[in-house]
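Engineer: Coordinates in data.txt, compact mmCIF, C-alpha atoms and all ligand atoms, are listed below.
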# COMPACT_ATOMS: atom_id res chain seq x y z
CA MET E 1 119.98 60.57 123.28
CA THR E 2 123.66 59.88 123.98
CA ILE E 3 126.42 62.37 124.75
CA TRP E 4 127.58 61.77 121.16
CA HIS E 5 124.21 62.73 119.65
CA GLU E 6 124.28 65.89 121.79
CA ARG E 7 127.82 66.71 120.70
CA TRP E 8 127.08 66.28 117.01
CA SER E 9 123.84 68.26 117.17
CA ALA E 10 125.60 71.11 119.04
CA ASN E 11 128.54 70.88 116.60
CA GLN E 12 130.89 70.23 119.54
CA ILE E 13 133.25 68.13 117.47
CA GLY E 14 136.68 69.45 118.43
CA PHE E 15 138.07 65.96 117.69
CA HIS E 16 137.37 66.39 113.95
CA ARG E 17 140.37 67.42 111.87
CA ALA E 18 140.43 69.28 108.58
CA VAL E 19 143.32 67.19 107.25
CA PRO E 20 144.32 63.50 107.56
CA HIS E 21 146.02 62.71 110.86
CA ASP E 22 149.81 63.08 110.72
CA LEU E 23 150.38 59.88 112.74
CA LEU E 24 148.22 57.93 110.26
CA THR E 25 150.13 59.18 107.23
CA LYS E 26 153.47 58.64 109.02
CA HIS E 27 152.86 55.11 110.31
CA TRP E 28 150.27 53.41 108.10
CA ALA E 29 152.89 51.83 105.83
CA ALA E 30 154.64 50.34 108.90
CA ILE E 31 151.76 48.00 109.69
CA GLY E 32 152.20 46.28 106.33
CA SER E 33 148.56 45.94 105.32
CA ALA E 34 147.92 44.55 101.85
CA PRO E 35 147.49 47.37 99.29
CA ASP E 36 143.90 46.25 98.62
CA ALA E 37 143.06 45.52 102.28
CA HIS E 38 139.54 46.26 103.46
CA VAL E 39 139.96 48.64 106.40
CA LEU E 40 137.57 48.94 109.35
CA VAL E 41 137.37 52.40 110.95
CA PRO E 42 135.39 52.02 114.20
CA LEU E 43 133.78 55.16 115.67
CA CYS E 44 134.69 56.99 112.47
CA GLY E 45 132.83 60.30 112.81
CA LYS E 46 133.23 62.07 109.46
CA SER E 47 136.98 61.64 109.53
CA LEU E 48 139.00 62.58 106.45
CA ASP E 49 141.33 59.75 107.41
CA MET E 50 138.85 57.52 105.56
CA HIS E 51 139.46 59.48 102.31
CA TRP E 52 143.19 59.14 102.79
CA LEU E 53 142.88 55.35 103.23
CA VAL E 54 140.79 55.10 100.05
CA GLU E 55 143.43 57.15 98.23
CA GLN E 56 146.00 54.52 99.29
CA GLY E 57 143.94 51.89 97.40
CA HIS E 58 141.90 50.48 100.29
CA SER E 59 138.20 49.95 100.60
CA VAL E 60 137.01 51.37 103.90
CA THR E 61 134.09 50.61 106.20
CA GLY E 62 133.53 53.13 108.98
CA VAL E 63 131.11 52.55 111.84
CA GLU E 64 129.43 55.60 113.36
CA LEU E 65 126.58 55.91 115.85
CA VAL E 66 125.25 59.33 114.85
CA ARG E 67 123.32 59.68 111.58
CA GLU E 68 124.23 63.39 111.12
CA ALA E 69 127.94 62.45 111.18
CA ALA E 70 127.56 59.72 108.55
CA GLN E 71 125.46 61.98 106.32
CA ALA E 72 127.90 64.90 106.75
CA PHE E 73 130.80 62.73 105.58
CA PHE E 74 129.16 62.12 102.18
CA GLN E 75 127.65 65.62 101.91
CA GLU E 76 131.09 67.14 102.42
CA MET E 77 132.42 64.86 99.65
CA ASP E 78 129.55 66.20 97.55
CA VAL E 79 128.31 62.70 96.64
CA LYS E 80 125.04 60.85 97.17
CA PRO E 81 125.58 57.47 98.86
CA ILE E 82 123.32 54.46 98.35
CA LEU E 83 121.39 53.79 101.55
CA GLU E 84 120.26 50.34 102.74
CA THR E 85 118.90 49.49 106.16
CA ASP E 86 119.49 46.20 107.99
CA GLY E 87 117.68 46.29 111.35
CA ALA E 88 119.37 48.84 113.61
CA ILE E 89 122.18 49.49 111.11
CA SER E 90 121.94 51.79 108.07
CA ARG E 91 124.52 51.25 105.35
CA TYR E 92 125.67 54.30 103.38
CA ALA E 93 127.86 53.38 100.43
CA PHE E 94 129.66 55.37 97.76
CA SER E 95 132.41 53.81 95.67
CA LYS E 96 135.02 52.29 98.06
CA ASN E 97 133.64 54.07 101.14
CA VAL E 98 130.95 52.56 103.34
CA ILE E 99 129.67 53.88 106.65
CA LEU E 100 127.61 51.54 108.81
CA GLN E 101 125.53 53.96 110.84
CA GLY E 102 124.57 52.49 114.19
CA ASP E 103 126.07 51.10 117.37
CA LEU E 104 129.41 49.35 116.81
CA PHE E 105 128.28 46.71 119.30
CA ALA E 106 125.29 45.85 117.07
CA VAL E 107 127.46 45.18 113.99
CA SER E 108 127.92 41.49 113.16
CA PRO E 109 130.63 39.74 111.11
CA SER E 110 127.99 39.03 108.43
CA MET E 111 127.86 42.81 107.79
CA VAL E 112 131.61 43.43 107.61
CA SER E 113 134.81 41.44 107.74
CA CYS E 114 138.07 43.38 107.45
CA ASP E 115 141.75 42.60 107.08
CA ALA E 116 143.00 45.84 108.62
CA TRP E 117 141.67 48.48 110.98
CA TYR E 118 142.44 52.01 112.07
CA ASP E 119 141.63 53.42 115.51
CA ARG E 120 142.03 57.12 116.13
CA ALA E 121 139.93 58.52 119.00
CA ALA E 122 137.86 55.31 119.14
CA LEU E 123 139.03 53.15 122.06
CA VAL E 124 139.91 56.35 123.98
CA ALA E 125 136.34 57.58 123.44
CA LEU E 126 135.07 54.65 125.52
CA PRO E 127 135.37 54.34 129.30
CA SER E 128 137.48 51.45 130.63
CA SER E 129 134.37 49.38 131.43
CA MET E 130 133.40 49.21 127.71
CA ARG E 131 136.87 48.53 126.35
CA PRO E 132 136.96 44.71 126.63
CA GLU E 133 133.75 44.54 124.57
CA TYR E 134 135.31 46.85 121.95
CA VAL E 135 138.34 44.56 121.67
CA ASP E 136 135.95 41.57 121.28
CA GLN E 137 134.23 43.43 118.41
CA ILE E 138 137.52 44.19 116.64
CA HIS E 139 138.45 40.53 117.04
CA SER E 140 135.17 39.32 115.56
CA LEU E 141 134.97 41.88 112.70
CA CYS E 142 138.58 41.31 111.54
CA THR E 143 140.11 38.21 109.99
CA GLN E 144 143.01 36.21 111.41
CA GLY E 145 146.26 38.05 110.60
CA ALA E 146 144.49 41.42 110.30
CA VAL E 147 146.70 44.39 111.19
CA GLY E 148 145.63 47.54 113.00
CA LEU E 149 147.05 50.98 113.63
CA MET E 150 145.88 52.51 116.91
CA ILE E 151 146.62 56.00 118.27
CA THR E 152 146.04 56.51 122.01
CA PHE E 153 146.10 59.27 124.61
CA ALA E 154 147.32 58.94 128.18
CA TYR E 155 147.08 61.52 130.96
CA PRO E 156 146.30 61.52 134.69
CA GLN E 157 142.58 60.66 134.56
CA GLU E 158 141.80 62.65 137.73
CA GLN E 159 142.89 65.86 135.95
CA MET E 160 140.21 65.76 133.22
CA GLN E 161 136.79 64.25 132.65
CA GLY E 162 136.64 62.20 129.46
CA PRO E 163 135.98 61.58 126.69
CA PRO E 164 138.69 61.17 125.61
CA PHE E 165 139.49 58.88 128.53
CA SER E 166 143.09 58.08 129.35
CA LEU E 167 144.39 54.84 127.85
CA PRO E 168 147.80 54.03 129.37
CA ASP E 169 150.19 51.61 127.70
CA ASP E 170 149.73 48.94 130.40
CA GLU E 171 145.96 48.93 129.75
CA VAL E 172 146.60 48.47 126.00
CA LEU E 173 148.69 45.41 126.80
CA SER E 174 146.17 43.89 129.18
CA LEU E 175 143.31 44.44 126.70
CA PHE E 176 145.02 43.03 123.62
CA GLU E 177 147.96 40.78 124.41
CA SER E 178 146.05 37.51 124.86
CA ARG E 179 144.70 37.59 121.27
CA PHE E 180 146.84 40.16 119.42
CA ASP E 181 150.54 40.85 118.90
CA VAL E 182 151.21 44.33 120.28
CA GLU E 183 154.03 46.55 119.01
CA LEU E 184 154.63 50.14 120.13
CA LEU E 185 155.67 52.13 117.02
CA ASP E 186 155.92 55.62 118.47
CA LYS E 187 155.29 57.62 121.64
CA ILE E 188 154.93 61.38 121.62
CA ASP E 189 154.79 64.00 124.33
CA LEU E 190 151.95 66.35 123.36
CA GLU E 191 153.43 69.54 124.84
CA ASP E 192 151.06 71.98 123.15
CA GLU E 193 147.95 70.13 124.40
CA LYS E 194 148.84 70.74 128.03
CA GLN E 195 146.83 73.98 127.99
CA ARG E 196 143.95 71.67 128.89
CA GLY E 197 145.46 71.78 132.39
CA LEU E 198 147.09 68.36 132.25
CA SER E 199 150.47 67.75 133.86
CA THR E 200 151.37 65.10 131.27
CA LEU E 201 149.81 64.06 127.97
CA THR E 202 151.29 61.45 125.68
CA SER E 203 150.11 59.72 122.54
CA SER E 204 151.21 56.19 121.69
CA VAL E 205 150.98 54.59 118.26
CA TYR E 206 150.55 50.82 118.09
CA LYS E 207 150.69 48.14 115.48
CA LEU E 208 148.30 45.34 116.51
CA THR E 209 148.11 42.01 114.75
CA ARG E 210 145.11 39.75 115.30
CA ARG E 211 146.28 36.20 115.92
C1 LIG O 301 136.02 61.11 119.49
S1 LIG O 301 135.03 60.84 118.10
C2 LIG O 301 136.25 60.30 116.91
C3 LIG O 301 135.77 60.29 115.50
C4 LIG O 301 136.85 59.90 114.48
N1 LIG O 301 137.49 58.65 114.78
C5 LIG O 301 137.87 61.01 114.29
O1 LIG O 301 139.07 60.73 114.43
O2 LIG O 301 137.46 62.14 113.96
C6 LIG O 301 134.17 59.34 118.51
C7 LIG O 301 133.04 59.03 117.57
O3 LIG O 301 132.49 57.76 117.92
C8 LIG O 301 131.09 57.78 117.78
N2 LIG O 301 130.57 56.71 118.67
C9 LIG O 301 130.52 56.73 120.02
N3 LIG O 301 130.04 55.56 120.49
C10 LIG O 301 129.80 54.77 119.40
C11 LIG O 301 129.30 53.45 119.23
N4 LIG O 301 128.93 52.69 120.28
N5 LIG O 301 129.18 52.95 117.98
C12 LIG O 301 129.55 53.71 116.90
N6 LIG O 301 130.03 54.98 117.01
C13 LIG O 301 130.15 55.50 118.23
C14 LIG O 301 130.71 59.20 118.18
O4 LIG O 301 129.47 59.61 117.66
C15 LIG O 301 131.87 60.01 117.60
O5 LIG O 301 131.60 60.46 116.30
Let me see the structure of the file written as structure tokens.

Structural biologist:
Amino acid sequence: MTIWHERWSANQIGFHRAVPHDLLTKHWAAIGSAPDAHVLVPLCGKSLDMHWLVEQGHSVTGVELVREAAQAFFQEMDVKPILETDGAISRYAFSKNVILQGDLFAVSPSMVSCDAWYDRAALVALPSSMRPEYVDQIHSLCTQGAVGLMITFAYPQEQMQGPPFSLPDDEVLSLFESRFDVELLDKIDLEDEKQRGLSTLTSSVYKLTRR
């Protein structure tokens, strides 16, 4: 059992939001994805951001490790998805929404190929040691020219145990710049989140383009 299975079964999902993320709705248009782009949402949880992306005209494929999270997404929509299993990955599908339930690192390009992606609380959920492999997966599951919107967190790592783990801007550059164009769209000081005992906490919003 992983920390994520424990969190979902104990309902410790403080990262889940009851409304679409304000930085998604503010910046999605700026990445210039095609209106009918197929959007990958890695480490998707049961995020309502996926509904919002479908409402914009996209088809969406989320990838989520924990079965309860994938099932809750469709239950809360009050729909019954079609379920197919392909080895370690279960595919839940309803209309333009698919969730591949399983380990992101076990998903192959034959299962999904996207022309846009959205990362909120995904790369920051992984420790630094796993991040290069995550970037490899985004590269292999997205087509050339694919555009991504990524929202990060950065704080002094010694002041809090992750997840979320700090992802400073210089680490974003070193992870992506050899294979992606990297553009910083916004950077916000998260004043009200400092009650967590952090001396600084910022969120950066990136447009990434897969070369
Ligand atoms: C911090 S949560 C963010 C969820 C979602 N992006 C949101 O904004 O609500 C991270 C999610 O990633 C899932 N996860 C962690 N490791 C994963 C992996 N290797 N493959 C797929 N999902 C994973 C966890 O179960 C959890 O639901």

Engineer: Please identify every polymer residue within 8 Å of ligand LIG 301 (chain O), using only C-alpha atoms and all ligand atoms, and present the set as a PyMOL selection string.

Structural biologist: chain E and resi 4-5+7-8+13+15-17+41-49+63-66+69+101-105+119-122+124-126+163-164

Engineer: Between atom CA of Thr143 of chain E and atom CA of Cys114 of chain E, what is the distance, to one decimal in Å?

Structural biologist: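 Spanning atom CA of Thr143 of chain E to atom CA of Cys114 of chain E is a straight-line distance of 6.1 Å.
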
Engineer: Work out how far atom CA of His51 of chain E is from atom CA of Arg211 of chain E, in Å to one decimal.

Structural biologist: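 Atom CA of His51 of chain E lies 27.8 Å from atom CA of Arg211 of chain E.
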
Engineer: At what distance in Å, to one decimal, does atom CA of Phe153 of chain E lie from atom CA of Phe165 of chain E?

Structural biologist: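 Pair atom CA of Phe165 of chain E / atom CA of Phe153 of chain E returns 7.7 Å.
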
Engineer: Determine the nearest neighbour of Ser9 of chain E from the options E:Ser203, E:Glu68, E:Ser110, E:Leu53, counting only C-alpha atoms.

Structural biologist: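 When distances to Ser9 of chain E are compared using only C-alpha atoms, the smallest one comes from E:Glu68.
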
Engineer: Would you kindly return, as an mmCIF file with C-alpha atoms, in the frame of the given file, each protein, DNA or RNA residue with an atom no farther than 6 Å from any atom of Tyr155 of chain E, considering only C-alpha atoms and excluding same-chain residues fewer than 2 positions away?

Structural biologist:
data_model
loop_
_atom_site.group_PDB
_atom_site.id
_atom_site.type_symbol
_atom_site.label_atom_id
_atom_site.label_comp_id
_atom_site.auth_asym_id
_atom_site.auth_seq_id
_atom_site.Cartn_x
_atom_site.Cartn_y
_atom_site.Cartn_z
ATOM 1 C CA GLN E 157 142.580 60.660 134.560
ATOM 2 C CA SER E 166 143.090 58.080 129.350
ATOM 3 C CA THR E 200 151.370 65.100 131.270
ATOM 4 C CA LEU E 201 149.810 64.060 127.970
#

Engineer: Measuring between all atoms listed in the file, which one of E:His38, E:Leu123, E:Glu177, E:Arg196 shows the shortest distance to Val147 of chain E?

Structural biologist: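 Checking each candidate against Val147 of chain E, we get E:His38 as the closest.
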
Engineer: When distances are computed from only C-alpha atoms, which of E:Thr152, E:Gln71, E:Gln12, E:Thr61 shows the smallest separation from Val39 of chain E?

Structural biologist: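 Closest residue, counting only C-alpha atoms: E:Thr61.
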
Engineer: Please define a box with edges along x, y and z of the file around all atoms of segment 168-186 of chain E given in the file, extend it by 3 Å on each side, and return its centre and edge lengths in Å to one decimal, as JSON.

Structural biologist:
{"center_x": 149.6, "center_y": 46.6, "center_z": 123.7, "size_x": 18.6, "size_y": 24.1, "size_z": 19.4}

Engineer: When distances are computed from only C-alpha atoms, which of E:Asp189, E:Asp169, E:Asp115, E:Glu158 shows the smallest separation from Val60 of chain E?

Structural biologist: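 Using only C-alpha atoms, Val60 of chain E sits closest to E:Asp115.
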
Engineer: Using only C-alpha atoms, which protein or nucleic acid residues come within 7 Å of Ala37 of chain E? Drop anything in the same chain fewer than 5 positions from it, and give the result as a ChimeraX atom specification.

Structural biologist: /E:58-59,115-116

Engineer: For Arg91 of chain E, work out the shell of residues within 12 Å, counting all atoms listed in the file and skipping chain neighbours fewer than 3 positions away, then give it as an MDAnalysis selection string.

Structural biologist: chainID E and resid 61:65 67 70:71 81:88 94 97:102 107 111:112

Engineer: What's around Asp181 of chain E at 7 Å? Count only C-alpha atoms, leave out sequence neighbours fewer than 6 positions away in its own chain, and write the answer as a ChimeraX atom specification.

Structural biologist: /E:208-211

Engineer: Tell me, as a VMD selection string, which residues lie within 9 Å of His27 of chain E, counting only C-alpha atoms; anything in the same chain fewer than 4 positions away does not count.

Structural biologist: chain E and resid 22 to 23 31 149 185 to 186 205 207

Engineer: Here is a test: counting only C-alpha atoms, which residue of E:Gly14, E:Gly32, E:Pro132, E:Gly197 is nearest to Trp117 of chain E?

Structural biologist: E:Gly32

Engineer: For Ala29 of chain E, which residue among E:Ser129, E:Asp136, E:Phe74, E:Gly148 is the nearest when counting all atoms listed in the file?

Structural biologist: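 For Ala29 of chain E, the nearest of the given residues is E:Gly148.
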